[in-house]
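Participant: Shown below is the structure under consideration.
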Amino acid sequence: MPSGVPLIVFLTGNLGCKMAKLSLKNIKKSFGSTEVLKNISLDVEDGEFISLVGQSGCGKSTLLRIIAGLEAQDAGDILIDGAPMNGREPKDRNIAMVFQDYALYPHMSVGENMSMPLIMARLPMHARLPGIRHFTPAHRREKPGIDADVEKVAKQLRIEHLLQRKPAQLSGGQRQRVALGRALVRNPKVFLMDEPLSNLDAKLRVEVRSEITELHASSGLTFIYVTHDQTEAMTMSDRVALMQDGAFLQVGAPNDLYANPANIDVAKFIGSPEINMIKGAVTSDQVSIGNVALPIALDAPFNGAVQIGIRPEAITINGVPGLAFANQSERTIQMSFNKRLVEDLGPEVLIHGALAVEPNRSIRIRAQKSQNYGERELFASTSQLDVQIDPSSLLFFDPSGKRISSKLKIPTHNNPVELVGAA
Amino acid sequence: MLKKILTTLAMTVAFAGVAEAKVTITCLTNAGHLTRQHEPLAKEFNAMQDEIEVIYAAPAKNYSDTHLKLFRGSATNTLPDCAFEAYNQLPSLARALVKRGQVVNLDELMAKESADWKDKNFTSQMLDLGRVDGVQYGMPFNASVIQYYYNADLFRKAGLDPDKFPTSYDELFAAAKKINALGDDIMPMFQYLLGGDDWGFQTLILQQGGRMMSDDGQSIAFNENNYHVNAMKMARRLVTEGGAVVNQSRKTQFAAFTEGRMGMWALSPAGARNAEERVGEAFDLRSAIFPVWNDKMGRLPTGGNAAIITAKDPAKIAAAWEYLKFVTGPKGQEITAKITGYLPTNKGSLAPEYLGNFYAKNPYYATPSKQYQRAGAWAGYPGTQSEKIWRDQKSTIRAVMLGKKTPEEGAADLVKIAEKLMKR
Amino acid sequence: MSAMASLMQSKQTRLAYMLVMPAAVLILVIYILPIIIVFFVSLTDYSLVSDYYEFVGMENYEKMFSDEAFGNALVNTLIYAAIFLPAAFIVSLVLAIAIQEQKQFRSVLEVLFFLPVTSTLAAMAIVWAALMDSGQGVINHVIVSIGLEKINFLGSEDLVLFSLAIISLWSIIGFNMVLFLAGLTSIPQNLYEAAAIDGASHPIDKFFRVTWPMLGPTTMFVAVTTSITAFKLFDTVAIVTQGGPDHASEVFLYLAFLEGFEYFNMGYSSALSLFFLCIIFTFALVQAFFADRNVQY
């Protein structure tokens, strides 16, 4: 398929109008003594695109397989449109699934791969047996319809010219499309995808990512998408369910997870590069790093150590043209930064180093380049840079990792407070 | 070649520490009951004197294997010094070996013995077994004519007189019927015919007074006087009247006999000791002479083997001759007859001090000596295809026994098979 | 420059030939040369027991096609193969599938079924002959004790090939089963999951849609090696029945043995051997051909 051809050609009419609300209620699963899923509950709305994201081993794939019926939960209920699915076979759940490595049948042509679900659904057993199937009336009756449906989906996916080929003769992207086609042809209510992009190269991945988003939009199906890549989850989903150790850390819209992470793990998982963490302390309401008091305070009293999260893009650099914030706020925190390494990513630069107040914590700064970006100045400058931090972007966590929901009190005086590094 | 080197090496090792003058000779025989008699014979001989040491090569499987091994040894010049070859295969072997000068003419050695030595020890009938084309190549060592073993307990149960074994076939079949009536698991009889070589078939021809081959040994004679048709009729009667079983191996049937589940068993006396050991005290085991059809003319083919000398070195020839004289002498034959049950080939061994007293005390072992005069030739076919002739004839006889062919058809086939393959 | 390169190349070529030589010489001496010799012997009337021989041209081959024993042996071999092949195939495949689904006892069962493969067939044939004995065999005792008629396994013309097939099956099923197990293990699990999603969850569908086609290369290999095993049946015949009763178990290789070593007709036996070689060679070709095609699905 020529690259970049969108999938929006997919007609919703083909799929009909149907409701598919998925509910998970207190799902539990253990393998031996290992508890893989701990009391998972989730409601997925009709037509929603939800991503299950997390590190490998967090239980997201197991959850997907339980939804598919490939694995049985130890406890809990799965409801699709209110109907309990417990104990039902995968084929009776009205779901389709795309596997990580597509799981295409290597001995069948593309056309045969795609007609498999239809053959299983529409032909009785005796008409599926090798040798005699071609002589059965059921086969004669149903075959033209199956072929027509396969062809229709193939056309919509622009793979109709590949129908005679074997999977081994296809490129990665083409196989991906065949896997999608095999899933779509049976007209499912819920579409499950298990890391479908992980076997594609980076360029193709971005391309197919948008195509799947468009497929979701045009089909109106309920999508459950498993990935370990937060970028995929963030870019494609209506909601993201972040999993760790068999439980949801947080479920919400992508930006919600980014801006309001419930705890340190969520903050660390969402956002690339990873959020910078600095140790700090709060005495009554005053925040300090090391022995330097910040010109900010919390709106509720809190005493003790805190972890302060600073997004890499929340720090900006003074003295280098083209890297400063466009609208330099008065209420910024000025700090001294020791530069160690600069990575030029094209539209932006990634600067590694440490804040002078806490030289042992590695800090990354991600700065957008603007037109007059002063590469020479950045590279030529001494290791010491002056940076400023947007205090409103700071995230505070208590020692257990839980977000401190208190708001910042921002000082009202006009001049930014001068901070002197401890070193 | 390698084998020769190894043998030489083994001999050298055997020589070490022994007086230099000692001559070692190697002999070849078959495994099983044949080896069983050779071990004590060699032991006795080696202990008896100091000049000659007899050892045995790894035994051959059976007579045809011995035959084949000797042929191979002849082709590769690795023959043993002496060997024990079946009577029916001796002619073809001797004729081949004599062409290559690999077999010793024993007439010359016998001529050097004292004048009455030959007559004192052997009948000419017995010596004939080892003669080929008028020359003595083999000394008759083991001899056996078929005989009956029977279960006297079953005889009593069936209302038969255990002291009077049938002397004619009609009586035999009548007895078989009575035994058969004893129960489903009791088998009446077995007579050696299909289980191995053609010794059993030759029995059927010779007992009528017939012969297998013409005097020159070049054409068949078993079809004279319809002997072969009569033989086939007899084979069929064995099944229809005698209740003999065709589809069971000899081993299986022998087990039945030794377990007391069969009345009569006809085979070589060579197995007498073996049968006695297997039966033990389980029942009253006896033996009887074979009921011959034509009492005046009837003969029985003599199974067994003759000792030949295949050494070339005069010292070894002389040593081998000493050993042959021992094993075919009265003492040697006494040992053999007691261990196996074979008919002794040496006249002298029937003297009381050798076997005479033993036979008087053990009538079970004496039967061979009672049919001494029946011992006739165990013939072979000219050419190399004896094995194949018999294999094909066996199928024919089997078909006759099972009633798939009439005796007449079968007899005609026997002739056809022999004449076709003999030419090769 | 180019002269240097060509010098290098010829040096490398020479090295390559030298490295290949030991294997080539061995193949020549162990396989090719004997085949050529056997071919020449098959053109003579050479016999183990006579000194002279002469060339008889194709006489031995002509004789083959008028020889009743040859036809009989060929038919026997084919009947035996027709009994042995499907059983060796289906039973071991069913066993492999059954064992593969066992989690707990899989390795124990694998070892158990593989045990006969490790035993010496010649020795086991003797044991089997005793078990199958028509009179006092254990199997017949069992048959009688459940109230059935005794079966004459080895003494009946109609049964003997079945009995021999049972012995051979016993000795080969474990081997085929392990081959199939290896083939089954290499089928990706997610194909079965995809099949389950697609609706092929019935065992019959799973088998015909996934297992069977995915076992293609294994199946071909097993089929060819088992066919060769079937055609080279010899040791059990030589030990248990010696071709009997009445030539009913005289299979091809045993006939070649009989002709060569019992009847001394080496020339004819060589002709038979070459014929046999051609059959085996055909199977090997089939395998090579299909194995190549099967690698790429």
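Chain labels follow the order of the structure tokens: the first chain is A, the next B, and so on; residue numbering restarts at 1 in every chain, and ligands are counted from 1 in their shown order.
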Tell me the residues of chain C close to chain A, meaning within 8 Å using only C-alpha atoms, as a list in words.
Facilitator: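 Here is what falls inside 8 Å: Asn190, Leu191, Glu193, Ala194, Ala196, Ile197, Asp198, Gly199, Ala200, Asp205, Phe208, Val210, Pro213, Met214, Gln296 and Tyr297 of chain C.
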Participant: Per residue of chain C within 7 Å of chain B, which atom pair is closest and at what distance in Å (one decimal), using only C-alpha atoms, listed by chain and increasing number, as JSON lines?
Facilitator:
```
{"residue": "C:Val49", "atom": "CA", "partner": "B:Phe71", "partner_atom": "CA", "distance": 5.9}
{"residue": "C:Asp133", "atom": "CA", "partner": "B:Thr252", "partner_atom": "CA", "distance": 6.8}
{"residue": "C:Ser134", "atom": "CA", "partner": "B:Gln248", "partner_atom": "CA", "distance": 6.8}
{"residue": "C:Gly135", "atom": "CA", "partner": "B:Thr252", "partner_atom": "CA", "distance": 5.9}
{"residue": "C:Gly155", "atom": "CA", "partner": "B:Asn247", "partner_atom": "CA", "distance": 4.6}
{"residue": "C:Ser156", "atom": "CA", "partner": "B:Asn247", "partner_atom": "CA", "distance": 6.1}
{"residue": "C:Asp246", "atom": "CA", "partner": "B:Ser395", "partner_atom": "CA", "distance": 5.2}
{"residue": "C:Glu262", "atom": "CA", "partner": "B:Glu387", "partner_atom": "CA", "distance": 6.5}
{"residue": "C:Tyr263", "atom": "CA", "partner": "B:Gln385", "partner_atom": "CA", "distance": 5.5}
{"residue": "C:Phe264", "atom": "CA", "partner": "B:Thr384", "partner_atom": "CA", "distance": 7.0}
```
Participant: Given the selection you just returned, output its residues as a file containing N, CA and C atoms, formatted as a CSV table (one decimal), in the first residue's frame.
Facilitator:
```csv
chain,number,residue,atom,x,y,z
C,49,VAL,N,30.3,-68.9,-3.6
C,49,VAL,CA,30.9,-70.2,-3.4
C,49,VAL,C,31.6,-70.7,-4.6
C,133,ASP,N,4.0,-65.6,20.8
C,133,ASP,CA,3.9,-67.1,20.5
C,133,ASP,C,2.5,-67.6,20.5
C,134,SER,N,2.2,-68.5,19.5
C,134,SER,CA,0.9,-68.9,19.3
C,134,SER,C,0.4,-69.9,20.4
C,135,GLY,N,1.4,-70.5,21.1
C,135,GLY,CA,1.0,-71.5,22.1
C,135,GLY,C,1.1,-70.9,23.5
C,155,GLY,N,2.4,-67.4,12.9
C,155,GLY,CA,2.3,-68.6,12.1
C,155,GLY,C,1.3,-68.6,11.0
C,156,SER,N,0.5,-67.5,11.0
C,156,SER,CA,-0.5,-67.4,10.0
C,156,SER,C,-0.1,-66.5,8.8
C,246,ASP,N,5.6,-69.8,4.9
C,246,ASP,CA,5.4,-70.0,3.4
C,246,ASP,C,5.6,-68.7,2.7
C,262,GLU,N,22.2,-66.8,1.5
C,262,GLU,CA,21.7,-68.2,1.7
C,262,GLU,C,21.8,-69.0,0.4
C,263,TYR,N,21.4,-68.4,-0.7
C,263,TYR,CA,21.5,-69.1,-2.0
C,263,TYR,C,22.8,-68.8,-2.7
C,264,PHE,N,23.5,-67.9,-2.2
C,264,PHE,CA,24.8,-67.6,-2.8
C,264,PHE,C,24.8,-66.8,-4.2
```
Participant: So the first atom is CA of Ser369 (chain B) and the second is CA of Phe290 (chain B); what is the distance between them in Å, to one decimal place?
Facilitator: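 According to the coordinates, CA of Ser369 (chain B) and CA of Phe290 (chain B) are separated by 12.2 Å.
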Participant: Need the shell around Arg236 (chain B): protein/DNA/RNA residues with any atom at most 9 Å away, counting only C-alpha atoms. Skip same-chain ones fewer than 4 positions apart. Format as a list in words?
Facilitator: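 Those residues are Ala231, Met232, Thr240, Glu241, Ile397, Arg398, Val400, Met401, Leu402, Gly403, Thr406 and Pro407 of chain B.
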Participant: Excluding Ala96 (chain C) and any residue of its chain fewer than 5 positions from it, enumerate the residues within 7 Å of it, using only C-alpha atoms, and give them as a VMD selection string.
Facilitator: chain C and resid 177 180 to 181
Participant: Within 9 Å of region 55-60 of chain B, counting only C-alpha atoms, which residues qualify if same-chain residues fewer than 2 places away don't, as a VMD selection string?
Facilitator: chain B and resid 24 to 32 35 38 to 39 42 53 62 to 67 69 80
Participant: Write a file of the selected residues as a PDB file, in the first residue's frame, keeping N, CA and C atoms.
Facilitator:
```
ATOM      1  N   THR B  24      49.158 -75.940  18.111  1.00  0.00           N
ATOM      2  CA  THR B  24      47.791 -75.514  18.405  1.00  0.00           C
ATOM      3  C   THR B  24      46.956 -75.615  17.144  1.00  0.00           C
ATOM      4  N   ILE B  25      45.795 -76.227  17.271  1.00  0.00           N
ATOM      5  CA  ILE B  25      44.895 -76.261  16.116  1.00  0.00           C
ATOM      6  C   ILE B  25      43.558 -75.629  16.502  1.00  0.00           C
ATOM      7  N   THR B  26      42.965 -74.989  15.486  1.00  0.00           N
ATOM      8  CA  THR B  26      41.689 -74.320  15.699  1.00  0.00           C
ATOM      9  C   THR B  26      40.610 -75.053  14.933  1.00  0.00           C
ATOM     10  N   CYS B  27      39.479 -75.284  15.594  1.00  0.00           N
ATOM     11  CA  CYS B  27      38.387 -75.982  14.937  1.00  0.00           C
ATOM     12  C   CYS B  27      37.137 -75.115  14.909  1.00  0.00           C
ATOM     13  N   LEU B  28      36.269 -75.414  13.923  1.00  0.00           N
ATOM     14  CA  LEU B  28      35.024 -74.662  13.796  1.00  0.00           C
ATOM     15  C   LEU B  28      33.840 -75.604  13.899  1.00  0.00           C
ATOM     16  N   THR B  29      32.857 -75.196  14.694  1.00  0.00           N
ATOM     17  CA  THR B  29      31.633 -75.983  14.758  1.00  0.00           C
ATOM     18  C   THR B  29      30.441 -75.047  14.938  1.00  0.00           C
ATOM     19  N   ASN B  30      29.247 -75.623  15.130  1.00  0.00           N
ATOM     20  CA  ASN B  30      28.050 -74.804  15.290  1.00  0.00           C
ATOM     21  C   ASN B  30      27.812 -74.465  16.753  1.00  0.00           C
ATOM     22  N   ALA B  31      27.074 -73.389  16.938  1.00  0.00           N
ATOM     23  CA  ALA B  31      26.657 -73.038  18.291  1.00  0.00           C
ATOM     24  C   ALA B  31      25.572 -74.015  18.750  1.00  0.00           C
ATOM     25  N   GLY B  32      25.191 -73.915  19.995  1.00  0.00           N
ATOM     26  CA  GLY B  32      24.090 -74.723  20.509  1.00  0.00           C
ATOM     27  C   GLY B  32      24.552 -76.087  20.987  1.00  0.00           C
ATOM     28  N   THR B  35      28.225 -77.259  20.135  1.00  0.00           N
ATOM     29  CA  THR B  35      29.283 -76.688  20.951  1.00  0.00           C
ATOM     30  C   THR B  35      29.336 -77.342  22.330  1.00  0.00           C
ATOM     31  N   HIS B  38      31.528 -80.213  22.208  1.00  0.00           N
ATOM     32  CA  HIS B  38      32.922 -79.971  21.838  1.00  0.00           C
ATOM     33  C   HIS B  38      33.746 -79.435  22.998  1.00  0.00           C
ATOM     34  N   GLU B  39      33.115 -78.699  23.861  1.00  0.00           N
ATOM     35  CA  GLU B  39      33.868 -78.135  24.984  1.00  0.00           C
ATOM     36  C   GLU B  39      34.515 -79.220  25.857  1.00  0.00           C
ATOM     37  N   ALA B  42      37.341 -81.155  23.855  1.00  0.00           N
ATOM     38  CA  ALA B  42      38.625 -80.466  23.738  1.00  0.00           C
ATOM     39  C   ALA B  42      39.333 -80.462  25.084  1.00  0.00           C
ATOM     40  N   GLU B  53      47.342 -78.650  21.369  1.00  0.00           N
ATOM     41  CA  GLU B  53      46.356 -77.818  22.073  1.00  0.00           C
ATOM     42  C   GLU B  53      45.220 -77.537  21.090  1.00  0.00           C
ATOM     43  N   ASN B  62      24.608 -72.151  12.495  1.00  0.00           N
ATOM     44  CA  ASN B  62      24.006 -73.450  12.185  1.00  0.00           C
ATOM     45  C   ASN B  62      24.808 -74.081  11.049  1.00  0.00           C
ATOM     46  N   TYR B  63      24.310 -75.186  10.508  1.00  0.00           N
ATOM     47  CA  TYR B  63      25.070 -75.873   9.464  1.00  0.00           C
ATOM     48  C   TYR B  63      25.309 -74.981   8.251  1.00  0.00           C
ATOM     49  N   SER B  64      24.287 -74.243   7.793  1.00  0.00           N
ATOM     50  CA  SER B  64      24.529 -73.433   6.601  1.00  0.00           C
ATOM     51  C   SER B  64      25.539 -72.326   6.885  1.00  0.00           C
ATOM     52  N   ASP B  65      25.526 -71.841   8.097  1.00  0.00           N
ATOM     53  CA  ASP B  65      26.493 -70.802   8.430  1.00  0.00           C
ATOM     54  C   ASP B  65      27.913 -71.358   8.471  1.00  0.00           C
ATOM     55  N   THR B  66      28.048 -72.557   9.012  1.00  0.00           N
ATOM     56  CA  THR B  66      29.357 -73.212   8.987  1.00  0.00           C
ATOM     57  C   THR B  66      29.834 -73.360   7.544  1.00  0.00           C
ATOM     58  N   HIS B  67      28.912 -73.839   6.737  1.00  0.00           N
ATOM     59  CA  HIS B  67      29.195 -74.041   5.321  1.00  0.00           C
ATOM     60  C   HIS B  67      29.690 -72.741   4.685  1.00  0.00           C
ATOM     61  N   LYS B  69      30.811 -70.055   6.179  1.00  0.00           N
ATOM     62  CA  LYS B  69      32.047 -69.572   6.783  1.00  0.00           C
ATOM     63  C   LYS B  69      33.245 -70.285   6.158  1.00  0.00           C
ATOM     64  N   PRO B  80      39.947 -72.581   9.126  1.00  0.00           N
ATOM     65  CA  PRO B  80      40.474 -73.145  10.387  1.00  0.00           C
ATOM     66  C   PRO B  80      41.280 -74.405  10.075  1.00  0.00           C
TER      67      PRO B  80
END
```
Participant: Using DSSP on the backbone, list every residue of region 147-335 of chain B that comes out as helix (DSSP H, G or I), and give them as JSON, numbers by chain.
Facilitator: {"B": [152, 153, 154, 155, 156, 157, 169, 170, 171, 172, 173, 174, 175, 176, 177, 178, 179, 180, 199, 200, 201, 202, 203, 204, 205, 206, 224, 225, 226, 227, 228, 229, 230, 231, 232, 233, 234, 235, 236, 237, 238, 239, 240, 250, 251, 252, 253, 254, 255, 256, 257, 258, 269, 270, 271, 272, 273, 274, 275, 276, 277, 278, 279, 314, 315, 316, 317, 318, 319, 320, 321, 322, 323, 324, 325, 326, 327, 330, 331, 332, 333, 334, 335]}
Participant: With a distance cut-off of 8 Å and only C-alpha atoms, select the neighbouring residues of Gln287 (chain C), excluding the residue or stretch itself and same-chain residues fewer than 2 positions from it, and output the selection as JSON, numbers by chain.
Facilitator: {"C": [220, 221, 224, 283, 284, 285, 289, 290, 291]}
Participant: Keeping only N, CA, C and O atoms, write the selected residues to a file as a PDB file, in the first residue's frame.
Facilitator:
```
ATOM      1  N   MET C 220       6.311 -34.087   6.319  1.00  0.00           N
ATOM      2  CA  MET C 220       7.015 -34.604   5.146  1.00  0.00           C
ATOM      3  C   MET C 220       8.225 -35.434   5.587  1.00  0.00           C
ATOM      4  O   MET C 220       8.464 -36.527   5.086  1.00  0.00           O
ATOM      5  N   PHE C 221       8.946 -34.908   6.555  1.00  0.00           N
ATOM      6  CA  PHE C 221      10.136 -35.615   7.028  1.00  0.00           C
ATOM      7  C   PHE C 221       9.747 -36.967   7.632  1.00  0.00           C
ATOM      8  O   PHE C 221      10.336 -37.996   7.308  1.00  0.00           O
ATOM      9  N   VAL C 224       8.643 -39.458   4.948  1.00  0.00           N
ATOM     10  CA  VAL C 224       9.707 -40.053   4.140  1.00  0.00           C
ATOM     11  C   VAL C 224      10.554 -41.006   4.966  1.00  0.00           C
ATOM     12  O   VAL C 224      10.814 -42.137   4.553  1.00  0.00           O
ATOM     13  N   PHE C 283      12.327 -41.919  -2.652  1.00  0.00           N
ATOM     14  CA  PHE C 283      11.779 -41.299  -1.450  1.00  0.00           C
ATOM     15  C   PHE C 283      12.639 -40.122  -1.009  1.00  0.00           C
ATOM     16  O   PHE C 283      12.121 -39.064  -0.643  1.00  0.00           O
ATOM     17  N   ALA C 284      13.942 -40.328  -1.042  1.00  0.00           N
ATOM     18  CA  ALA C 284      14.833 -39.251  -0.619  1.00  0.00           C
ATOM     19  C   ALA C 284      14.643 -38.027  -1.516  1.00  0.00           C
ATOM     20  O   ALA C 284      14.621 -36.891  -1.049  1.00  0.00           O
ATOM     21  N   LEU C 285      14.486 -38.271  -2.810  1.00  0.00           N
ATOM     22  CA  LEU C 285      14.265 -37.167  -3.754  1.00  0.00           C
ATOM     23  C   LEU C 285      12.984 -36.422  -3.410  1.00  0.00           C
ATOM     24  O   LEU C 285      12.967 -35.188  -3.369  1.00  0.00           O
ATOM     25  N   PHE C 289      12.828 -32.548  -2.438  1.00  0.00           N
ATOM     26  CA  PHE C 289      12.026 -31.656  -3.249  1.00  0.00           C
ATOM     27  C   PHE C 289      11.006 -30.906  -2.395  1.00  0.00           C
ATOM     28  O   PHE C 289      10.920 -29.691  -2.412  1.00  0.00           O
ATOM     29  N   PHE C 290      10.260 -31.679  -1.586  1.00  0.00           N
ATOM     30  CA  PHE C 290       9.204 -31.043  -0.811  1.00  0.00           C
ATOM     31  C   PHE C 290       9.754 -30.251   0.363  1.00  0.00           C
ATOM     32  O   PHE C 290       9.188 -29.245   0.753  1.00  0.00           O
ATOM     33  N   ALA C 291      10.864 -30.737   0.928  1.00  0.00           N
ATOM     34  CA  ALA C 291      11.439 -30.017   2.053  1.00  0.00           C
ATOM     35  C   ALA C 291      11.811 -28.615   1.593  1.00  0.00           C
ATOM     36  O   ALA C 291      11.556 -27.630   2.270  1.00  0.00           O
TER      37      ALA C 291
END
```
Participant: Tell me which protein, DNA and RNA residues are within 10 Å of Val222 (chain C), counting only C-alpha atoms, leaving out same-chain ones fewer than 6 positions away, and put them as a ChimeraX atom specification.
Facilitator: /C:85,88-89,175-177,179-180,216,228,287
Participant: Have a look at CA of Lys233 (chain B) and CA of Leu154 (chain B) and let me know their distance in Å, one decimal.
Facilitator: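 Result for CA of Lys233 (chain B) versus CA of Leu154 (chain B): 27.3 Å, one decimal.
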Participant: Work out how far apart CA of Ala233 (chain A) and CA of Val110 (chain A) are and give it in Å to one decimal.
Facilitator: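 CA of Val110 (chain A) lies 29.1 Å from CA of Ala233 (chain A).
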Participant: As a VMD selection string, please: every residue in region 152-247 of chain B that a backbone DSSP assignment puts in strand (DSSP E or B).
Facilitator: chain B and resid 187 to 191 213 220
Participant: Nearest to Glu232 (chain A) among A:Gly57, A:Leu385, A:Leu294, A:Ser51, with distances taken over only C-alpha atoms: which residue is it?
Facilitator: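 Of all the options, A:Ser51 lies closest to Glu232 (chain A).
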Participant: Between C:Thr77, C:Ser201, C:Thr118, C:Thr226, single out the one closest to Ser249 (chain C), counting only C-alpha atoms.
Facilitator: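 Using only C-alpha atoms, the shortest distance to Ser249 (chain C) belongs to C:Thr77.
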